[in-house]
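J.: Just so it is clear, I am handing over model.cif, which has mmCIF, C-alpha atoms and all ligand atoms.
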```cif
data_protein
#
loop_
_atom_site.label_atom_id
_atom_site.label_comp_id
_atom_site.auth_asym_id
_atom_site.auth_seq_id
_atom_site.Cartn_x
_atom_site.Cartn_y
_atom_site.Cartn_z
CA MET A 1384 2.69 12.64 -28.69
CA PRO A 1385 -1.03 12.99 -29.69
CA GLN A 1386 -3.22 15.21 -27.47
CA PRO A 1387 -5.46 13.09 -25.20
CA GLU A 1388 -9.11 13.20 -26.21
CA LEU A 1389 -11.50 15.00 -23.83
CA ARG A 1390 -15.24 14.33 -24.01
CA ILE A 1391 -17.38 16.88 -22.20
CA CYS A 1392 -20.80 15.48 -21.26
CA LEU A 1393 -21.32 18.22 -18.66
CA ASP A 1394 -20.48 21.77 -19.65
CA ASP A 1395 -20.65 24.85 -17.43
CA ASP A 1396 -24.28 25.49 -18.42
CA ASP A 1397 -25.35 21.94 -17.42
CA LEU A 1398 -23.43 22.21 -14.19
CA ASP A 1399 -25.01 25.55 -13.47
CA ALA A 1400 -28.53 24.27 -14.21
CA SER A 1401 -28.16 21.22 -11.94
CA LEU A 1402 -26.52 23.32 -9.21
CA ARG A 1403 -29.50 25.70 -9.27
CA LEU A 1404 -32.11 22.97 -9.32
CA ASP A 1405 -30.45 20.84 -6.61
CA THR A 1406 -29.90 23.86 -4.36
CA ARG A 1407 -33.43 25.21 -4.73
CA VAL A 1408 -35.01 21.80 -4.11
CA GLY A 1409 -32.57 20.92 -1.31
CA LEU A 1410 -32.82 24.16 0.66
CA THR A 1411 -36.63 24.34 0.43
CA SER A 1412 -37.12 20.70 1.57
CA HIS A 1413 -37.71 19.45 5.11
CA PRO A 1414 -35.20 18.34 6.23
CA LYS A 1415 -32.90 20.43 4.04
CA HIS A 1416 -30.37 18.54 1.93
CA LEU A 1417 -27.58 19.16 -0.60
CA PRO A 1418 -26.02 16.53 -2.89
CA MET A 1419 -22.46 15.35 -2.27
CA ARG A 1420 -21.51 15.94 -5.91
CA LEU A 1421 -21.59 19.69 -5.17
CA HIS A 1422 -18.63 19.40 -2.77
CA TYR A 1423 -16.10 18.81 -5.57
CA ASP A 1424 -15.04 22.16 -6.98
CA GLY A 1425 -11.25 22.78 -7.13
CA ARG A 1426 -11.11 23.47 -3.39
CA GLY A 1427 -13.31 20.46 -2.59
CA SER A 1428 -11.13 18.10 -4.67
CA ALA A 1429 -8.02 19.46 -2.92
CA LEU A 1430 -9.65 19.01 0.50
CA PHE A 1431 -10.62 15.45 -0.40
CA GLY A 1432 -6.97 14.82 -1.34
CA GLU A 1433 -5.90 16.17 2.05
CA LEU A 1434 -8.51 14.02 3.76
CA THR A 1435 -7.11 10.86 2.17
CA ARG A 1436 -3.79 11.61 3.92
CA GLN A 1437 -5.30 11.90 7.41
CA PRO A 1438 -4.34 9.04 9.76
CA GLU A 1439 -8.00 8.27 10.54
CA TYR A 1440 -9.06 7.98 6.86
CA TYR A 1441 -8.13 4.29 6.46
CA GLN A 1442 -10.05 3.89 3.18
CA THR A 1443 -7.36 5.21 0.86
CA ARG A 1444 -4.43 3.39 2.48
CA SER A 1445 -6.35 0.09 2.71
CA GLU A 1446 -7.61 0.15 -0.87
CA ARG A 1447 -4.22 1.26 -2.17
CA ALA A 1448 -2.62 -1.75 -0.40
CA VAL A 1449 -5.10 -4.17 -1.99
CA LEU A 1450 -4.55 -2.78 -5.48
CA ARG A 1451 -0.76 -2.62 -5.07
CA ASP A 1452 -0.51 -6.18 -3.70
CA ARG A 1453 -3.08 -7.79 -6.02
CA ALA A 1454 -2.62 -5.87 -9.29
CA GLY A 1455 -1.02 -8.88 -11.02
CA GLU A 1456 -3.88 -11.16 -9.98
CA ILE A 1457 -6.46 -8.59 -11.03
CA ALA A 1458 -4.81 -8.16 -14.44
CA ALA A 1459 -4.67 -11.95 -14.88
CA ALA A 1460 -8.36 -12.25 -13.92
CA LEU A 1461 -9.25 -10.03 -16.90
CA GLY A 1462 -8.28 -12.72 -19.40
CA ALA A 1463 -5.35 -12.62 -21.81
CA GLY A 1464 -6.15 -9.91 -24.35
CA PRO A 1465 -5.91 -6.12 -24.46
CA VAL A 1466 -7.91 -4.11 -21.96
CA SER A 1467 -9.34 -0.57 -21.99
CA VAL A 1468 -9.74 0.82 -18.49
CA ILE A 1469 -12.31 3.47 -17.57
CA GLU A 1470 -12.25 4.86 -14.04
CA LEU A 1471 -15.45 6.46 -12.71
CA GLY A 1472 -15.00 9.21 -10.10
CA ALA A 1473 -11.29 8.85 -10.79
CA GLY A 1474 -10.12 11.97 -8.95
CA ARG A 1475 -6.29 11.83 -9.21
CA ALA A 1476 -6.50 8.23 -10.53
CA GLU A 1477 -3.71 7.16 -8.18
CA LYS A 1478 -4.98 3.83 -6.84
CA ILE A 1479 -5.69 2.27 -10.22
CA ARG A 1480 -2.08 2.83 -11.29
CA PRO A 1481 -0.71 -0.60 -10.19
CA VAL A 1482 -3.40 -2.28 -12.32
CA LEU A 1483 -2.55 -0.03 -15.28
CA ASP A 1484 1.16 -0.80 -14.70
CA ALA A 1485 0.53 -4.56 -14.62
CA LEU A 1486 -1.45 -4.38 -17.87
CA ALA A 1487 1.10 -2.08 -19.51
CA ALA A 1488 4.00 -4.35 -18.49
CA ALA A 1489 2.23 -7.23 -20.23
CA GLY A 1490 1.62 -5.05 -23.33
CA ARG A 1491 -2.16 -5.27 -22.65
CA LEU A 1492 -3.08 -1.69 -21.73
CA ASP A 1493 -4.97 -0.46 -24.76
CA ALA A 1494 -6.55 2.69 -23.28
CA PHE A 1495 -7.22 4.56 -20.07
CA TRP A 1496 -10.12 6.97 -19.54
CA PRO A 1497 -10.62 8.88 -16.27
CA PHE A 1498 -14.29 9.92 -15.89
CA ASP A 1499 -15.12 12.58 -13.32
CA VAL A 1500 -17.44 15.52 -12.72
CA ALA A 1501 -14.36 17.58 -11.79
CA ALA A 1502 -12.93 18.77 -15.14
CA GLY A 1503 -9.68 19.97 -13.56
CA GLU A 1504 -8.94 16.52 -12.13
CA VAL A 1505 -9.55 14.84 -15.50
CA ARG A 1506 -7.26 17.28 -17.31
CA ASP A 1507 -4.48 16.93 -14.71
CA VAL A 1508 -4.62 13.12 -14.82
CA LEU A 1509 -4.40 13.10 -18.63
CA LEU A 1510 -1.41 15.44 -18.62
CA GLU A 1511 0.40 13.31 -16.06
CA LEU A 1512 -0.39 9.91 -17.55
CA ALA A 1513 0.40 10.79 -21.17
CA GLU A 1514 4.07 10.61 -20.16
CA VAL A 1515 3.69 7.43 -18.11
CA TYR A 1516 1.79 5.32 -20.67
CA PRO A 1517 2.98 6.58 -24.07
CA ASP A 1518 1.72 3.42 -25.82
CA ALA A 1519 -1.85 3.58 -24.48
CA TYR A 1520 -4.72 5.64 -25.89
CA LEU A 1521 -5.64 8.28 -23.30
CA GLY A 1522 -8.98 10.02 -23.14
CA GLY A 1523 -11.01 11.74 -20.46
CA ILE A 1524 -14.72 12.12 -19.81
CA VAL A 1525 -16.10 15.08 -17.87
CA GLY A 1526 -19.47 13.78 -16.82
CA ASP A 1527 -21.85 12.68 -14.11
CA PHE A 1528 -21.76 8.92 -13.53
CA THR A 1529 -25.43 8.99 -12.52
CA ARG A 1530 -26.38 10.39 -15.95
CA HIS A 1531 -23.71 9.74 -18.54
CA LEU A 1532 -22.79 6.05 -18.42
CA ALA A 1533 -24.15 5.66 -21.95
CA HIS A 1534 -21.12 7.75 -23.04
CA LEU A 1535 -18.52 5.16 -21.99
CA PRO A 1536 -15.95 4.79 -24.78
CA ASP A 1537 -16.72 1.93 -27.11
CA HIS A 1538 -13.40 0.07 -27.43
CA ARG A 1539 -13.78 -3.36 -29.01
CA ASP A 1540 -11.46 -5.09 -26.53
CA THR A 1541 -12.39 -5.97 -22.94
CA ARG A 1542 -13.43 -2.88 -21.01
CA LEU A 1543 -12.68 -2.68 -17.31
CA VAL A 1544 -14.77 -0.09 -15.48
CA ALA A 1545 -13.22 0.77 -12.11
CA PHE A 1546 -15.15 2.55 -9.36
CA LEU A 1547 -12.90 2.95 -6.35
CA GLY A 1548 -12.64 4.83 -3.08
CA GLY A 1549 -15.97 3.70 -1.67
CA THR A 1550 -17.78 6.33 -3.77
CA PHE A 1551 -20.45 3.67 -4.52
CA GLY A 1552 -21.37 4.03 -0.83
CA ASN A 1553 -22.31 7.67 -1.39
CA PHE A 1554 -25.46 6.44 -3.20
CA THR A 1555 -28.73 5.48 -1.49
CA ALA A 1556 -29.97 1.88 -2.04
CA PRO A 1557 -32.27 2.82 -4.97
CA GLU A 1558 -29.47 4.92 -6.51
CA ARG A 1559 -27.05 1.98 -6.19
CA ALA A 1560 -29.49 -0.38 -7.89
CA GLN A 1561 -30.11 2.15 -10.69
CA PHE A 1562 -26.37 2.79 -11.12
CA LEU A 1563 -25.63 -0.96 -11.42
CA ARG A 1564 -28.46 -1.42 -13.95
CA ASP A 1565 -27.24 1.57 -16.00
CA LEU A 1566 -23.67 0.32 -15.92
CA ARG A 1567 -24.67 -3.21 -16.95
CA GLU A 1568 -26.70 -1.73 -19.80
CA ALA A 1569 -23.67 0.27 -20.97
CA LEU A 1570 -21.39 -2.80 -21.02
CA ARG A 1571 -21.06 -5.80 -23.31
CA PRO A 1572 -20.93 -9.39 -22.02
CA GLY A 1573 -17.35 -10.08 -20.93
CA ASP A 1574 -16.61 -6.48 -19.89
CA ARG A 1575 -15.55 -6.24 -16.24
CA PHE A 1576 -16.41 -4.05 -13.25
CA LEU A 1577 -13.87 -3.43 -10.47
CA LEU A 1578 -15.59 -2.00 -7.40
CA GLY A 1579 -13.87 -0.77 -4.23
CA ALA A 1580 -16.19 -0.74 -1.23
CA ASP A 1581 -15.78 0.17 2.40
CA LEU A 1582 -16.68 -2.81 4.59
CA VAL A 1583 -18.71 -2.93 7.82
CA LYS A 1584 -16.34 -2.85 10.80
CA ASP A 1585 -16.02 -1.41 14.31
CA PRO A 1586 -18.16 1.78 14.22
CA ALA A 1587 -15.47 3.61 16.23
CA VAL A 1588 -12.98 3.09 13.38
CA ILE A 1589 -15.54 4.26 10.82
CA LEU A 1590 -16.67 7.33 12.75
CA ALA A 1591 -13.08 8.42 13.45
CA ALA A 1592 -12.53 8.56 9.66
CA TYR A 1593 -15.40 11.07 9.38
CA ASN A 1594 -14.31 13.12 12.41
CA ASP A 1595 -10.55 13.42 11.86
CA ALA A 1596 -8.68 15.34 14.53
CA ALA A 1597 -7.32 17.90 12.05
CA GLY A 1598 -10.87 18.81 11.01
CA VAL A 1599 -10.32 18.15 7.29
CA THR A 1600 -13.61 16.24 6.87
CA ALA A 1601 -15.41 19.12 8.59
CA GLU A 1602 -13.86 21.61 6.17
CA PHE A 1603 -14.64 19.32 3.22
CA ASN A 1604 -18.27 19.10 4.38
CA ARG A 1605 -18.54 22.88 4.85
CA ASN A 1606 -17.02 23.38 1.38
CA VAL A 1607 -20.47 22.93 -0.11
CA LEU A 1608 -21.38 26.29 1.50
CA HIS A 1609 -18.30 27.93 -0.10
CA VAL A 1610 -19.47 26.50 -3.45
CA LEU A 1611 -22.93 28.05 -2.99
CA ASN A 1612 -21.40 31.40 -1.95
CA HIS A 1613 -19.14 31.38 -4.97
CA ARG A 1614 -21.48 29.99 -7.62
CA LEU A 1615 -24.84 31.35 -6.47
CA ASP A 1616 -23.79 34.53 -4.73
CA ALA A 1617 -25.06 33.19 -1.37
CA ASP A 1618 -23.97 34.66 1.96
CA PHE A 1619 -23.46 31.55 4.10
CA VAL A 1620 -20.94 31.99 6.92
CA PRO A 1621 -19.48 28.45 6.85
CA GLY A 1622 -18.08 28.85 10.37
CA HIS A 1623 -21.65 29.17 11.66
CA PHE A 1624 -22.28 25.52 10.74
CA GLU A 1625 -20.75 22.54 12.52
CA HIS A 1626 -19.87 19.26 10.85
CA VAL A 1627 -21.81 16.24 12.12
CA ALA A 1628 -21.19 12.58 11.21
CA LEU A 1629 -23.51 9.96 12.74
CA TRP A 1630 -23.41 6.15 12.50
CA ASP A 1631 -26.70 4.45 11.68
CA ALA A 1632 -26.01 0.84 12.65
CA GLY A 1633 -29.24 -0.52 11.08
CA GLY A 1634 -28.41 0.91 7.67
CA ALA A 1635 -24.61 0.53 8.12
CA THR A 1636 -24.40 4.17 7.05
CA VAL A 1637 -22.49 7.29 8.03
CA ASP A 1638 -24.83 10.23 7.77
CA MET A 1639 -23.16 13.61 7.20
CA ARG A 1640 -24.82 16.88 8.08
CA LEU A 1641 -24.13 20.56 8.68
CA ARG A 1642 -25.76 21.87 11.85
CA ALA A 1643 -26.63 25.57 12.23
CA LEU A 1644 -25.02 26.91 15.39
CA LYS A 1645 -27.58 29.72 15.74
CA PRO A 1646 -30.71 31.01 13.99
CA MET A 1647 -29.77 32.47 10.61
CA ALA A 1648 -31.25 34.01 7.49
CA VAL A 1649 -29.21 33.23 4.38
CA ASP A 1650 -29.65 35.07 1.10
CA VAL A 1651 -29.00 32.88 -1.96
CA ALA A 1652 -29.01 35.89 -4.28
CA GLY A 1653 -28.40 33.91 -7.49
CA LEU A 1654 -31.69 32.05 -6.90
CA GLY A 1655 -33.61 34.97 -5.38
CA LEU A 1656 -34.09 32.71 -2.36
CA ASP A 1657 -34.05 33.55 1.36
CA VAL A 1658 -33.44 30.54 3.57
CA ALA A 1659 -34.10 30.54 7.32
CA PHE A 1660 -32.24 28.18 9.67
CA ASP A 1661 -33.29 27.43 13.25
CA ALA A 1662 -30.54 26.98 15.84
CA GLY A 1663 -29.54 23.31 15.71
CA GLU A 1664 -31.22 22.71 12.33
CA GLU A 1665 -29.35 20.23 10.14
CA VAL A 1666 -28.72 20.13 6.40
CA ARG A 1667 -28.07 16.60 5.12
CA THR A 1668 -24.96 16.67 2.97
CA GLY A 1669 -24.28 13.03 2.17
CA ILE A 1670 -24.19 9.42 3.22
CA SER A 1671 -21.42 6.83 3.17
CA VAL A 1672 -22.74 3.27 3.26
CA LYS A 1673 -20.56 0.37 4.45
CA PHE A 1674 -20.98 -3.08 2.91
CA ARG A 1675 -20.94 -6.82 3.59
CA ARG A 1676 -19.44 -9.01 0.89
CA ALA A 1677 -22.41 -11.39 0.42
CA GLU A 1678 -24.95 -8.56 0.15
CA LEU A 1679 -22.93 -6.59 -2.34
CA GLU A 1680 -22.28 -9.68 -4.49
CA GLU A 1681 -26.02 -10.35 -4.47
CA ASP A 1682 -26.68 -6.79 -5.65
CA LEU A 1683 -24.15 -7.29 -8.46
CA ARG A 1684 -25.87 -10.53 -9.53
CA THR A 1685 -29.30 -8.87 -9.48
CA ALA A 1686 -27.99 -6.23 -11.88
CA GLY A 1687 -26.60 -8.83 -14.32
CA PHE A 1688 -22.99 -9.13 -13.19
CA ALA A 1689 -21.23 -12.38 -12.24
CA PRO A 1690 -18.86 -11.80 -9.29
CA SER A 1691 -15.50 -13.35 -10.19
CA GLY A 1692 -12.92 -11.97 -7.76
CA TYR A 1693 -12.66 -10.52 -4.27
CA TRP A 1694 -9.67 -9.11 -2.43
CA THR A 1695 -9.26 -7.29 0.84
CA ASP A 1696 -6.45 -5.75 2.91
CA ALA A 1697 -4.86 -7.40 5.96
CA ARG A 1698 -7.36 -5.78 8.35
CA GLY A 1699 -10.37 -6.51 6.14
CA PHE A 1700 -11.25 -2.80 5.98
CA MET A 1701 -11.81 -2.32 2.22
CA GLY A 1702 -13.13 -4.87 -0.27
CA VAL A 1703 -12.25 -4.88 -3.97
CA PHE A 1704 -14.79 -6.80 -6.05
CA LEU A 1705 -14.35 -7.94 -9.65
CA ALA A 1706 -17.47 -8.87 -11.61
CA GLU A 1707 -18.12 -9.78 -15.23
CA ALA A 1708 -21.01 -8.42 -17.27
CA ALA A 1709 -22.97 -11.63 -17.75
N1 LIG B 1 -11.43 7.58 -6.86
C1 LIG B 1 -10.71 8.53 -6.01
C2 LIG B 1 -11.55 9.77 -5.66
C3 LIG B 1 -12.75 9.50 -4.77
S1 LIG B 1 -13.54 11.02 -4.29
C4 LIG B 1 -10.26 7.82 -4.77
O1 LIG B 1 -10.59 6.66 -4.62
O2 LIG B 1 -9.56 8.42 -3.95
C5 LIG B 1 -14.98 10.96 -5.31
C6 LIG B 1 -14.69 11.38 -6.75
O3 LIG B 1 -15.90 11.24 -7.49
C7 LIG B 1 -14.26 12.85 -6.88
O4 LIG B 1 -13.17 12.93 -7.76
C8 LIG B 1 -15.52 13.54 -7.44
O5 LIG B 1 -15.20 14.67 -8.25
C9 LIG B 1 -16.17 12.42 -8.22
N2 LIG B 1 -17.62 12.52 -8.31
C10 LIG B 1 -18.50 12.74 -7.30
N3 LIG B 1 -19.76 12.71 -7.76
C11 LIG B 1 -19.67 12.45 -9.11
C12 LIG B 1 -20.63 12.27 -10.14
N4 LIG B 1 -21.92 12.35 -9.89
N5 LIG B 1 -20.18 11.99 -11.39
C13 LIG B 1 -18.83 11.91 -11.66
N6 LIG B 1 -17.90 12.06 -10.72
C14 LIG B 1 -18.30 12.34 -9.46
C1 LIG B 2 -15.71 9.94 -1.86
N1 LIG B 2 -16.33 9.23 -0.76
C2 LIG B 2 -16.06 7.80 -0.84
C3 LIG B 2 -16.00 9.79 0.58
C4 LIG B 2 -16.55 8.86 1.69
O1 LIG B 2 -15.77 8.43 2.51
O2 LIG B 2 -17.75 8.59 1.67
C5 LIG B 2 -16.56 11.18 0.74
C6 LIG B 2 -16.33 11.76 2.09
N2 LIG B 2 -17.12 12.58 2.70
C7 LIG B 2 -16.61 12.91 3.87
N3 LIG B 2 -15.53 12.26 4.04
C8 LIG B 2 -15.31 11.54 2.93
#
```
Here is the file; what I need is its structure written in the form of structure tokens.
T.:
Amino acid sequence: MPQPELRICLDDDDLDASLRLDTRVGLTSHPKHLPMRLHYDGRGSALFGELTRQPEYYQTRSERAVLRDRAGEIAAALGAGPVSVIELGAGRAEKIRPVLDALAAAGRLDAFWPFDVAAGEVRDVLLELAEVYPDAYLGGIVGDFTRHLAHLPDHRDTRLVAFLGGTFGNFTAPERAQFLRDLREALRPGDRFLLGADLVKDPAVILAAYNDAAGVTAEFNRNVLHVLNHRLDADFVPGHFEHVALWDAGGATVDMRLRALKPMAVDVAGLGLDVAFDAGEEVRTGISVKFRRAELEEDLRTAGFAPSGYWTDARGFMGVFLAEAA
């Protein structure tokens, strides 16, 4: 069996440079902020996996149900020929599997490429899937989907770019518009985009998913401090920060923060930076936007995509959108 190809768009030096820049800018800003991308080291990816199994985190179960129940329809909606699938922010690439299975069963799965900033996840997925899809070309991309979409593999057949899990909601509105423009630019007419988005619903259901009883989201959120301790020789005491998730109804957004429980001075030795925190001061660590179908389809059209399919689960919690590069 040939070794799967691995393309590295982000090496350790790039990661280190962006970690340093983002941390310096974020911790010297008012209010302080840190990007969500930093949460996903090995421990962060494992915590995210644990989070997806919490009873309150409906996103994974709902989206998995849509993809399991509608995989045949999705495969049929891609036309009749061979398809190369690229999954952005793939993580363990579990939810896309029914679609890959449907294409493979019809002899139409030409290639599969997981694309993720977490190199370990990409390598693990390739090792696992090489045995499952022996007839498909397997390759992986270690990259940042806000910077490296121009590196999408250039298969001549229809390319399906999947972006699942609601990760699109972790962008601000200008970032979402930029991402859609960059993606459209990277695709050819006829290529497809499969987007999983978390839908607006009862705020109590949404907030429970970001405040699970077992405290996994809190630990995932605090993981960014472990990353800074480990990578930048900082001396954060993660237990001195509490996890906060707030619902902003106007922006249909969950706002995640870490709140200092007491005044603190933190030494980020790797940056030569001392950072003071007031008691109660908050560091913004990420957002998770929830969507309405019509608005999201309008955003897709504005970026040059033609929406062509929409599926949701029985409770209408997650939406899966298919759009064609026009
Ligand atoms: N698609 C999976 C995982 C979602 S978690 C699911 O639906 O369950 C978000 C994933 O995006 C993680 O695997 C994380 O490593 C990856 N990620 C986050 N920011 C990224 C970025 N800027 N570029 C590439 N991958 C990123
Ligand atoms: C990856 N992403 C879709 C998650 C979300 O729900 O926004 C990240 C997350 N952060 C805290 N909980 C989950």
J.: Out of A:Lys1478, A:Arg1506, A:Arg1542, A:Arg1684, which residue has the shortest atom-to-atom distance to Ala1494 (chain A) when counting only C-alpha atoms?
T.: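 The closest residue to Ala1494 (chain A) is A:Arg1542.
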J.: Could you tell me, counting only C-alpha atoms and all ligand atoms, which protein and nucleic acid residues lie no more than 7 Å from ligand LIG 2 (chain B), written as a list in words?
T.: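 Residues satisfying the distance criterion: Phe1431, Gly1548, Gly1549, Thr1550, Gly1552, Asn1553, Tyr1593, Thr1600, Phe1603, Asn1604, Ile1670 and Ser1671 of chain A.
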J.: Kindly assemble as JSON lines a list of the chain A residues that lie within 6 Å of ligand LIG 1 (chain B), each paired with its nearest atom pair and their distance in Å to one decimal, using all atoms listed in the file, sorted first by chain and then by ascending residue number.
T.:
```
{"residue": "A:Arg1420", "atom": "CA", "partner": "B:LIG1", "partner_atom": "N3", "distance": 4.1}
{"residue": "A:Tyr1423", "atom": "CA", "partner": "B:LIG1", "partner_atom": "O5", "distance": 5.0}
{"residue": "A:Gly1472", "atom": "CA", "partner": "B:LIG1", "partner_atom": "O3", "distance": 3.4}
{"residue": "A:Ala1473", "atom": "CA", "partner": "B:LIG1", "partner_atom": "N1", "distance": 4.1}
{"residue": "A:Gly1474", "atom": "CA", "partner": "B:LIG1", "partner_atom": "O4", "distance": 3.4}
{"residue": "A:Asp1499", "atom": "CA", "partner": "B:LIG1", "partner_atom": "N6", "distance": 3.8}
{"residue": "A:Val1500", "atom": "CA", "partner": "B:LIG1", "partner_atom": "C13", "distance": 4.0}
{"residue": "A:Ala1501", "atom": "CA", "partner": "B:LIG1", "partner_atom": "O5", "distance": 4.7}
{"residue": "A:Gly1526", "atom": "CA", "partner": "B:LIG1", "partner_atom": "C13", "distance": 5.5}
{"residue": "A:Asp1527", "atom": "CA", "partner": "B:LIG1", "partner_atom": "N5", "distance": 3.3}
{"residue": "A:Phe1528", "atom": "CA", "partner": "B:LIG1", "partner_atom": "N5", "distance": 4.1}
{"residue": "A:Thr1529", "atom": "CA", "partner": "B:LIG1", "partner_atom": "N4", "distance": 5.5}
{"residue": "A:Leu1547", "atom": "CA", "partner": "B:LIG1", "partner_atom": "O1", "distance": 4.7}
{"residue": "A:Gly1548", "atom": "CA", "partner": "B:LIG1", "partner_atom": "O1", "distance": 3.2}
{"residue": "A:Thr1550", "atom": "CA", "partner": "B:LIG1", "partner_atom": "C5", "distance": 5.6}
```
J.: Please provide as a list in words all residues within 7 Å of region 1633-1637 of chain A, with the sequence filter that same-chain residues fewer than 3 positions apart are discarded (counting all atoms listed in the file).
T.: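 Here the answer would be Val1583, Ala1628, Leu1629, Trp1630, Ile1670, Ser1671, Val1672 and Lys1673 of chain A.
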J.: In Å, rounded to a single decimal, give me how far CA of Tyr1693 (chain A) is from CA of Pro1586 (chain A).
T.: 22.9 Å
J.: I'd like the contact shell of Ser1467 (chain A) - 9 Å cut-off, only C-alpha atoms, skipping same-chain residues fewer than 2 positions apart - returned as a list of chain:residue names.
T.: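 The residues satisfying every condition are A:Pro1465, A:Ile1469, A:Arg1491, A:Leu1492, A:Asp1493, A:Ala1494, A:Phe1495, A:Trp1496, A:Ala1519, A:Tyr1520, A:Pro1536, A:His1538, A:Arg1539, A:Asp1540, A:Thr1541, A:Arg1542, A:Leu1543, A:Val1544.
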J.: Excluding Leu1461 (chain A) and any residue of its chain fewer than 3 positions from it, enumerate the residues within 9 Å of it, using only C-alpha atoms, and give them as a list in words.
T.: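 Residues near the query, excluding close chain neighbours: Glu1456, Ile1457, Ala1458, Gly1464, Val1466, Thr1541, Leu1543, Asp1574 and Arg1575 of chain A.
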J.: Between A:Phe1562, A:Tyr1441, A:Phe1554, A:Phe1576, which one has atoms that come closest to Ala1591 (chain A), using all atoms listed in the file?
T.: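 Between A:Phe1562, A:Tyr1441, A:Phe1554, A:Phe1576, the residue approaching Ala1591 (chain A) most closely is A:Tyr1441.
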J.: Could you list as JSON, numbers by chain every residue that has an atom within 6 Å of (-26.3, 33.3, -1.7), using the file's coordinates and counting only C-alpha atoms?
T.: {"A": [1612, 1615, 1616, 1617, 1618, 1650, 1651, 1652]}
J.: Atoms to include: C-alpha atoms. Write the selected residues as a short mmCIF file (atom, residue, chain, number, x, y, z; two decimals), in the frame of the given file.
T.:
```cif
data_model
loop_
_atom_site.label_atom_id
_atom_site.label_comp_id
_atom_site.auth_asym_id
_atom_site.auth_seq_id
_atom_site.Cartn_x
_atom_site.Cartn_y
_atom_site.Cartn_z
CA ASN A 1612 -21.40 31.40 -1.95
CA LEU A 1615 -24.84 31.35 -6.47
CA ASP A 1616 -23.79 34.53 -4.73
CA ALA A 1617 -25.06 33.19 -1.37
CA ASP A 1618 -23.97 34.66 1.96
CA ASP A 1650 -29.65 35.07 1.10
CA VAL A 1651 -29.00 32.88 -1.96
CA ALA A 1652 -29.01 35.89 -4.28
#
```
J.: When distances are computed from all atoms listed in the file, which of A:Gly1579, A:Pro1414, A:Pro1517, A:Pro1387 shows the smallest separation from Arg1640 (chain A)?
T.: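 When distances to Arg1640 (chain A) are compared using all atoms listed in the file, the smallest one comes from A:Pro1414.
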J.: Could you name the residues that touch Asn1606 (chain A) at 9 Å or less, counting only C-alpha atoms, but leaving out those on the same chain fewer than 4 positions away, as a list in words?
T.: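 Close residues of Asn1606 (chain A): Leu1421, His1422, Tyr1423, Asp1424, Arg1426, Gly1427, Leu1430, Ala1601, Glu1602, Val1610, Leu1611 and Pro1621 of chain A.
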J.: Since we have the selection now, will you write its residues out, keeping C-alpha atoms, as a JSON list (two decimals), in the frame of the given file?
T.:
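To be explicit, this is the file written out as part_19.json:
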```json
[["chain", "number", "residue", "atom", "x", "y", "z"],
["A", 1421, "LEU", "CA", -21.59, 19.69, -5.17],
["A", 1422, "HIS", "CA", -18.63, 19.40, -2.77],
["A", 1423, "TYR", "CA", -16.10, 18.81, -5.57],
["A", 1424, "ASP", "CA", -15.04, 22.16, -6.98],
["A", 1426, "ARG", "CA", -11.11, 23.47, -3.39],
["A", 1427, "GLY", "CA", -13.31, 20.46, -2.59],
["A", 1430, "LEU", "CA", -9.65, 19.01, 0.50],
["A", 1601, "ALA", "CA", -15.41, 19.12, 8.59],
["A", 1602, "GLU", "CA", -13.86, 21.61, 6.17],
["A", 1610, "VAL", "CA", -19.47, 26.50, -3.45],
["A", 1611, "LEU", "CA", -22.93, 28.05, -2.99],
["A", 1621, "PRO", "CA", -19.48, 28.45, 6.85]]
```
J.: Which residue, A:His1623, A:Arg1453, A:Val1508, A:Ala1677, has the smallest gap to Asp1661 (chain A) when you use all atoms listed in the file?
T.: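 Of A:His1623, A:Arg1453, A:Val1508, A:Ala1677, the one nearest Asp1661 (chain A), counting all atoms listed in the file, is A:His1623.
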J.: Suppose you want the space between CA of His1613 (chain A) and CA of Arg1390 (chain A); what is it in Å?
T.: 25.9 Å
J.: Of the residues A:Pro1557, A:Gly1455, A:Gly1409, A:Gly1503, which is the one nearest to Asp1484 (chain A), using only C-alpha atoms?
T.: A:Gly1455
J.: Kindly give the distance, in Å, that separates CA of Phe1700 (chain A) and CA of Ser1445 (chain A), rounded to a single decimal.
T.: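 Computing the Euclidean distance for CA of Phe1700 (chain A) and CA of Ser1445 (chain A) yields 6.6 Å.
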J.: Given the choices A:Asp1399, A:Leu1410, A:Met1419, A:Glu1433, which gets closest to Ala1597 (chain A) if the distance is worked out from all atoms listed in the file?
T.: A:Glu1433
J.: Find the residues near Arg1451 (chain A): any atom within 8 Å, counting all atoms listed in the file, skip ones fewer than 4 places away on the same chain, and give them as an NGL selection string.
T.: :A and (1447 or 1478 or 1481-1482)
